[in-house]
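Input: a single structure, listed below in structure tokens.
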Amino acid sequence: LYSTEQLPLLESEISSLLAQNKPLDALKHVLSHAPLGSKDPAAKEASMVVALRVLIAIKASMIEEAVGQLDSEARDVLMKIIYRGFEQPSEGSSAHLLIWHEKVFAVSGVGSVVRVLTDKKKV
């Protein structure tokens, strides 16, 4: 979890991983540092921007493989990010997020959706 002051470090690490063509590592890093339960809206918003950047950087053909490498907890965090992305769509993000949703749902099932929608800890 990064505080507002540490967010440039997260952005730098993610940019570095994406530049090295390691989008799956970037995804795992973003998911493991999601601001779950944080009360800092600026940190949540900045983390969300970085997370969406990573999701969009991963090609549709790689999404199934990426989801397969995640454990159940990471898939739930990913689903939280997907739903948050649906709440605040950006240009071209919705279609890509729908692909992510389909692949996570195929592995995690309806349980993941229920857990995300009922959990008070938002990203």
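Going by the structure tokens order, chains are called A, B, ..., each with residues numbered from 1, while ligands are numbered from 1 in the order shown.
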
Identify, on the basis of only C-alpha atoms, every residue whose closest approach to Pro35 of chain A does not exceed 12 Å; exclude the query and any residue fewer than 6 positions from it along the same chain; express the result as a PDB file with N, CA and C atoms, in the first residue's frame.
ATOM      1  N   LEU A   1       0.850  -1.183   0.000  1.00  0.00           N
ATOM      2  CA  LEU A   1       0.000   0.000   0.000  1.00  0.00           C
ATOM      3  C   LEU A   1       0.886   1.232   0.000  1.00  0.00           C
ATOM      4  N   TYR A   2       0.609   2.114  -0.931  1.00  0.00           N
ATOM      5  CA  TYR A   2       1.392   3.344  -1.052  1.00  0.00           C
ATOM      6  C   TYR A   2       0.592   4.518  -0.511  1.00  0.00           C
ATOM      7  N   SER A   3       1.261   5.387   0.218  1.00  0.00           N
ATOM      8  CA  SER A   3       0.623   6.626   0.652  1.00  0.00           C
ATOM      9  C   SER A   3       0.687   7.602  -0.516  1.00  0.00           C
ATOM     10  N   THR A   4       0.024   8.725  -0.364  1.00  0.00           N
ATOM     11  CA  THR A   4       0.014   9.737  -1.421  1.00  0.00           C
ATOM     12  C   THR A   4       1.439  10.162  -1.777  1.00  0.00           C
ATOM     13  N   LEU A   7       3.210   7.527  -4.065  1.00  0.00           N
ATOM     14  CA  LEU A   7       2.627   7.162  -5.351  1.00  0.00           C
ATOM     15  C   LEU A   7       3.565   7.374  -6.543  1.00  0.00           C
ATOM     16  N   LEU A  10       5.357   4.162  -6.967  1.00  0.00           N
ATOM     17  CA  LEU A  10       4.532   3.137  -7.614  1.00  0.00           C
ATOM     18  C   LEU A  10       4.481   3.381  -9.117  1.00  0.00           C
ATOM     19  N   PRO A  41      -8.520   9.515  -0.394  1.00  0.00           N
ATOM     20  CA  PRO A  41      -9.100   9.483  -1.741  1.00  0.00           C
ATOM     21  C   PRO A  41      -8.080   9.783  -2.838  1.00  0.00           C
ATOM     22  N   ALA A  42      -7.100  10.621  -2.557  1.00  0.00           N
ATOM     23  CA  ALA A  42      -6.085  10.938  -3.563  1.00  0.00           C
ATOM     24  C   ALA A  42      -5.234   9.705  -3.879  1.00  0.00           C
ATOM     25  N   ALA A  43      -4.889   8.938  -2.851  1.00  0.00           N
ATOM     26  CA  ALA A  43      -4.104   7.717  -3.058  1.00  0.00           C
ATOM     27  C   ALA A  43      -4.923   6.697  -3.837  1.00  0.00           C
ATOM     28  N   LYS A  44      -6.196   6.576  -3.503  1.00  0.00           N
ATOM     29  CA  LYS A  44      -7.061   5.626  -4.209  1.00  0.00           C
ATOM     30  C   LYS A  44      -7.185   6.005  -5.683  1.00  0.00           C
ATOM     31  N   GLU A  45      -7.387   7.284  -5.943  1.00  0.00           N
ATOM     32  CA  GLU A  45      -7.564   7.741  -7.324  1.00  0.00           C
ATOM     33  C   GLU A  45      -6.280   7.537  -8.131  1.00  0.00           C
ATOM     34  N   ALA A  46      -5.154   7.901  -7.555  1.00  0.00           N
ATOM     35  CA  ALA A  46      -3.879   7.738  -8.262  1.00  0.00           C
ATOM     36  C   ALA A  46      -3.565   6.263  -8.504  1.00  0.00           C
ATOM     37  N   SER A  47      -3.848   5.417  -7.521  1.00  0.00           N
ATOM     38  CA  SER A  47      -3.620   3.983  -7.686  1.00  0.00           C
ATOM     39  C   SER A  47      -4.519   3.415  -8.775  1.00  0.00           C
ATOM     40  N   MET A  48      -5.733   3.930  -8.846  1.00  0.00           N
ATOM     41  CA  MET A  48      -6.675   3.466  -9.862  1.00  0.00           C
ATOM     42  C   MET A  48      -6.186   3.832 -11.263  1.00  0.00           C
ATOM     43  N   VAL A  50      -3.112   4.199 -12.210  1.00  0.00           N
ATOM     44  CA  VAL A  50      -1.991   3.304 -12.514  1.00  0.00           C
ATOM     45  C   VAL A  50      -2.511   1.901 -12.853  1.00  0.00           C
ATOM     46  N   ALA A  51      -3.473   1.425 -12.072  1.00  0.00           N
ATOM     47  CA  ALA A  51      -4.028   0.084 -12.306  1.00  0.00           C
ATOM     48  C   ALA A  51      -4.683  -0.011 -13.682  1.00  0.00           C
ATOM     49  N   VAL A  77      -9.269  -8.639  -5.959  1.00  0.00           N
ATOM     50  CA  VAL A  77      -8.792  -7.252  -6.030  1.00  0.00           C
ATOM     51  C   VAL A  77      -8.912  -6.756  -7.470  1.00  0.00           C
ATOM     52  N   LYS A  80     -12.383  -5.850  -8.194  1.00  0.00           N
ATOM     53  CA  LYS A  80     -12.718  -4.552  -7.603  1.00  0.00           C
ATOM     54  C   LYS A  80     -12.250  -3.416  -8.517  1.00  0.00           C
ATOM     55  N   ILE A  81     -11.058  -3.563  -9.061  1.00  0.00           N
ATOM     56  CA  ILE A  81     -10.514  -2.548  -9.964  1.00  0.00           C
ATOM     57  C   ILE A  81     -11.366  -2.469 -11.226  1.00  0.00           C
ATOM     58  N   LYS A 121     -14.402  -2.694   1.778  1.00  0.00           N
ATOM     59  CA  LYS A 121     -13.070  -2.199   1.428  1.00  0.00           C
ATOM     60  C   LYS A 121     -13.007  -2.002  -0.090  1.00  0.00           C
ATOM     61  N   LYS A 122     -13.068  -0.766  -0.515  1.00  0.00           N
ATOM     62  CA  LYS A 122     -13.051  -0.422  -1.929  1.00  0.00           C
ATOM     63  C   LYS A 122     -11.651  -0.005  -2.347  1.00  0.00           C
ATOM     64  N   VAL A 123     -11.416  -0.086  -3.651  1.00  0.00           N
ATOM     65  CA  VAL A 123     -10.140   0.394  -4.185  1.00  0.00           C
ATOM     66  C   VAL A 123     -10.319   1.796  -4.731  1.00  0.00           C
TER      67      VAL A 123
END

_Measuring between only C-alpha atoms, which one of A:Arg75, A:Lys103, A:Arg84, A:Arg115 shows the shortest distance to Leu31 of chain A?_
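When distances to Leu31 of chain A are compared using only C-alpha atoms, the smallest one comes from A:Arg75.
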
*asked:* Which residues are near Val110 of chain A? Cut-off 12 Å, only C-alpha atoms, ignore same chain within fewer than 5 positions. Put them as a list in words.
replied: Asp76, Met79, His101, Glu102, Val104, Phe105, Arg115, Val116 and Leu117 of chain A

Atoms kept (C-alpha atoms) for selection, written as a PDB file, in the first residue's frame:
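Contents of result-v1.pdb, as written:
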ATOM      1  CA  ASP A  76     -10.928 -10.414  -6.206  1.00  0.00           C
ATOM      2  CA  MET A  79     -12.452  -7.550  -9.972  1.00  0.00           C
ATOM      3  CA  HIS A 101     -14.358  -9.152 -16.413  1.00  0.00           C
ATOM      4  CA  GLU A 102     -15.219 -12.098 -18.658  1.00  0.00           C
ATOM      5  CA  VAL A 104     -11.901 -13.250 -14.234  1.00  0.00           C
ATOM      6  CA  PHE A 105     -15.525 -14.392 -14.022  1.00  0.00           C
ATOM      7  CA  ARG A 115     -17.516 -10.684  -2.674  1.00  0.00           C
ATOM      8  CA  VAL A 116     -16.580  -7.506  -4.542  1.00  0.00           C
ATOM      9  CA  LEU A 117     -20.048  -6.002  -4.422  1.00  0.00           C
TER      10      LEU A 117
END

*Grab the atom CA of His29 of chain A to atom CA of Glu13 of chain A distance for me, in Å with one decimal place.*
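Computing the Euclidean distance for atom CA of His29 of chain A and atom CA of Glu13 of chain A yields 8.7 Å.
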
Using DSSP on the backbone coordinates, identify all residues within chain A classified as helix (DSSP H, G or I); present the result as a PDB file with C-alpha atoms, in the first residue's frame.
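Output saved as selection37.pdb:
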ATOM      1  CA  THR A   4       0.014   9.737  -1.421  1.00  0.00           C
ATOM      2  CA  GLU A   5       3.669  10.713  -1.016  1.00  0.00           C
ATOM      3  CA  GLN A   6       4.852   7.303  -2.255  1.00  0.00           C
ATOM      4  CA  LEU A   7       2.627   7.162  -5.351  1.00  0.00           C
ATOM      5  CA  PRO A   8       5.355   8.526  -7.650  1.00  0.00           C
ATOM      6  CA  LEU A   9       7.401   5.465  -6.633  1.00  0.00           C
ATOM      7  CA  LEU A  10       4.532   3.137  -7.614  1.00  0.00           C
ATOM      8  CA  GLU A  11       4.138   4.939 -10.929  1.00  0.00           C
ATOM      9  CA  SER A  12       7.886   4.719 -11.531  1.00  0.00           C
ATOM     10  CA  GLU A  13       8.009   0.993 -10.739  1.00  0.00           C
ATOM     11  CA  ILE A  14       5.025   0.288 -12.988  1.00  0.00           C
ATOM     12  CA  SER A  15       6.451   2.389 -15.833  1.00  0.00           C
ATOM     13  CA  SER A  16       9.722   0.505 -15.522  1.00  0.00           C
ATOM     14  CA  LEU A  17       8.012  -2.913 -15.642  1.00  0.00           C
ATOM     15  CA  LEU A  18       5.905  -1.899 -18.640  1.00  0.00           C
ATOM     16  CA  ALA A  19       8.984  -0.508 -20.424  1.00  0.00           C
ATOM     17  CA  PRO A  23       3.042  -6.385 -17.982  1.00  0.00           C
ATOM     18  CA  LEU A  24       2.167  -9.448 -15.886  1.00  0.00           C
ATOM     19  CA  ASP A  25       4.703  -8.417 -13.250  1.00  0.00           C
ATOM     20  CA  ALA A  26       3.242  -4.909 -13.346  1.00  0.00           C
ATOM     21  CA  LEU A  27      -0.236  -6.360 -12.826  1.00  0.00           C
ATOM     22  CA  LYS A  28       0.861  -8.441  -9.843  1.00  0.00           C
ATOM     23  CA  HIS A  29       2.609  -5.398  -8.350  1.00  0.00           C
ATOM     24  CA  VAL A  30      -0.469  -3.187  -8.744  1.00  0.00           C
ATOM     25  CA  LEU A  31      -2.754  -5.827  -7.232  1.00  0.00           C
ATOM     26  CA  SER A  32      -0.479  -6.480  -4.270  1.00  0.00           C
ATOM     27  CA  PRO A  41      -9.100   9.483  -1.741  1.00  0.00           C
ATOM     28  CA  ALA A  42      -6.085  10.938  -3.563  1.00  0.00           C
ATOM     29  CA  ALA A  43      -4.104   7.717  -3.058  1.00  0.00           C
ATOM     30  CA  LYS A  44      -7.061   5.626  -4.209  1.00  0.00           C
ATOM     31  CA  GLU A  45      -7.564   7.741  -7.324  1.00  0.00           C
ATOM     32  CA  ALA A  46      -3.879   7.738  -8.262  1.00  0.00           C
ATOM     33  CA  SER A  47      -3.620   3.983  -7.686  1.00  0.00           C
ATOM     34  CA  MET A  48      -6.675   3.466  -9.862  1.00  0.00           C
ATOM     35  CA  VAL A  49      -5.127   5.456 -12.712  1.00  0.00           C
ATOM     36  CA  VAL A  50      -1.991   3.304 -12.514  1.00  0.00           C
ATOM     37  CA  ALA A  51      -4.028   0.084 -12.306  1.00  0.00           C
ATOM     38  CA  LEU A  52      -6.101   0.976 -15.375  1.00  0.00           C
ATOM     39  CA  ARG A  53      -2.928   1.855 -17.241  1.00  0.00           C
ATOM     40  CA  VAL A  54      -1.607  -1.644 -16.523  1.00  0.00           C
ATOM     41  CA  LEU A  55      -4.866  -3.380 -17.482  1.00  0.00           C
ATOM     42  CA  ILE A  56      -5.042  -1.500 -20.761  1.00  0.00           C
ATOM     43  CA  ALA A  57      -1.357  -2.240 -21.472  1.00  0.00           C
ATOM     44  CA  ALA A  60      -6.572  -8.958 -24.937  1.00  0.00           C
ATOM     45  CA  SER A  61      -4.804 -12.139 -26.073  1.00  0.00           C
ATOM     46  CA  MET A  62      -2.759 -12.178 -22.832  1.00  0.00           C
ATOM     47  CA  ILE A  63      -5.608 -11.563 -20.381  1.00  0.00           C
ATOM     48  CA  GLU A  64      -6.570 -15.206 -19.888  1.00  0.00           C
ATOM     49  CA  GLU A  65      -2.954 -16.145 -19.127  1.00  0.00           C
ATOM     50  CA  ALA A  66      -2.624 -13.208 -16.726  1.00  0.00           C
ATOM     51  CA  VAL A  67      -5.786 -14.155 -14.818  1.00  0.00           C
ATOM     52  CA  GLY A  68      -4.606 -17.771 -14.637  1.00  0.00           C
ATOM     53  CA  SER A  72      -8.113 -16.041  -5.586  1.00  0.00           C
ATOM     54  CA  GLU A  73      -7.401 -12.962  -3.468  1.00  0.00           C
ATOM     55  CA  ALA A  74      -5.606 -11.175  -6.316  1.00  0.00           C
ATOM     56  CA  ARG A  75      -8.493 -11.987  -8.685  1.00  0.00           C
ATOM     57  CA  ASP A  76     -10.928 -10.414  -6.206  1.00  0.00           C
ATOM     58  CA  VAL A  77      -8.792  -7.252  -6.030  1.00  0.00           C
ATOM     59  CA  LEU A  78      -8.663  -7.258  -9.827  1.00  0.00           C
ATOM     60  CA  MET A  79     -12.452  -7.550  -9.972  1.00  0.00           C
ATOM     61  CA  LYS A  80     -12.718  -4.552  -7.603  1.00  0.00           C
ATOM     62  CA  ILE A  81     -10.514  -2.548  -9.964  1.00  0.00           C
ATOM     63  CA  ILE A  82     -12.621  -3.645 -12.947  1.00  0.00           C
ATOM     64  CA  TYR A  83     -15.852  -2.512 -11.298  1.00  0.00           C
ATOM     65  CA  ARG A  84     -14.284   0.775 -10.244  1.00  0.00           C
ATOM     66  CA  GLY A  85     -13.164   1.229 -13.842  1.00  0.00           C
ATOM     67  CA  PHE A  86     -16.750   0.697 -14.982  1.00  0.00           C
ATOM     68  CA  GLU A  87     -17.844   3.462 -12.589  1.00  0.00           C
ATOM     69  CA  SER A  93     -11.450   1.414 -21.294  1.00  0.00           C
ATOM     70  CA  SER A  94     -14.927  -0.126 -21.029  1.00  0.00           C
ATOM     71  CA  ALA A  95     -14.503  -2.642 -23.838  1.00  0.00           C
ATOM     72  CA  HIS A  96     -11.138  -3.746 -22.467  1.00  0.00           C
ATOM     73  CA  LEU A  97     -12.526  -3.990 -18.932  1.00  0.00           C
ATOM     74  CA  LEU A  98     -15.368  -6.169 -20.212  1.00  0.00           C
ATOM     75  CA  ILE A  99     -12.791  -8.630 -21.538  1.00  0.00           C
ATOM     76  CA  TRP A 100     -11.033  -8.615 -18.178  1.00  0.00           C
ATOM     77  CA  HIS A 101     -14.358  -9.152 -16.413  1.00  0.00           C
ATOM     78  CA  GLU A 102     -15.219 -12.098 -18.658  1.00  0.00           C
ATOM     79  CA  LYS A 103     -11.881 -13.816 -18.008  1.00  0.00           C
ATOM     80  CA  VAL A 104     -11.901 -13.250 -14.234  1.00  0.00           C
ATOM     81  CA  PHE A 105     -15.525 -14.392 -14.022  1.00  0.00           C
ATOM     82  CA  ALA A 106     -14.682 -17.561 -16.000  1.00  0.00           C
ATOM     83  CA  VAL A 107     -12.091 -18.526 -13.371  1.00  0.00           C
ATOM     84  CA  SER A 108     -13.602 -17.121 -10.161  1.00  0.00           C
ATOM     85  CA  VAL A 110     -20.163 -15.511  -9.341  1.00  0.00           C
ATOM     86  CA  GLY A 111     -18.546 -15.720  -5.897  1.00  0.00           C
ATOM     87  CA  SER A 112     -15.953 -13.141  -6.873  1.00  0.00           C
ATOM     88  CA  VAL A 113     -18.635 -10.716  -8.056  1.00  0.00           C
ATOM     89  CA  VAL A 114     -20.627 -11.168  -4.828  1.00  0.00           C
ATOM     90  CA  ARG A 115     -17.516 -10.684  -2.674  1.00  0.00           C
ATOM     91  CA  VAL A 116     -16.580  -7.506  -4.542  1.00  0.00           C
ATOM     92  CA  LEU A 117     -20.048  -6.002  -4.422  1.00  0.00           C
ATOM     93  CA  THR A 118     -20.533  -6.724  -0.710  1.00  0.00           C
TER      94      THR A 118
END

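The space between atom CA of Ser38 of chain A and atom CA of Gly109 of chain A spans 26.7 Å.
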
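Our summary of the geometry notes that atom CA of Asp40 of chain A is positioned 28.7 Å from atom CA of Lys22 of chain A.
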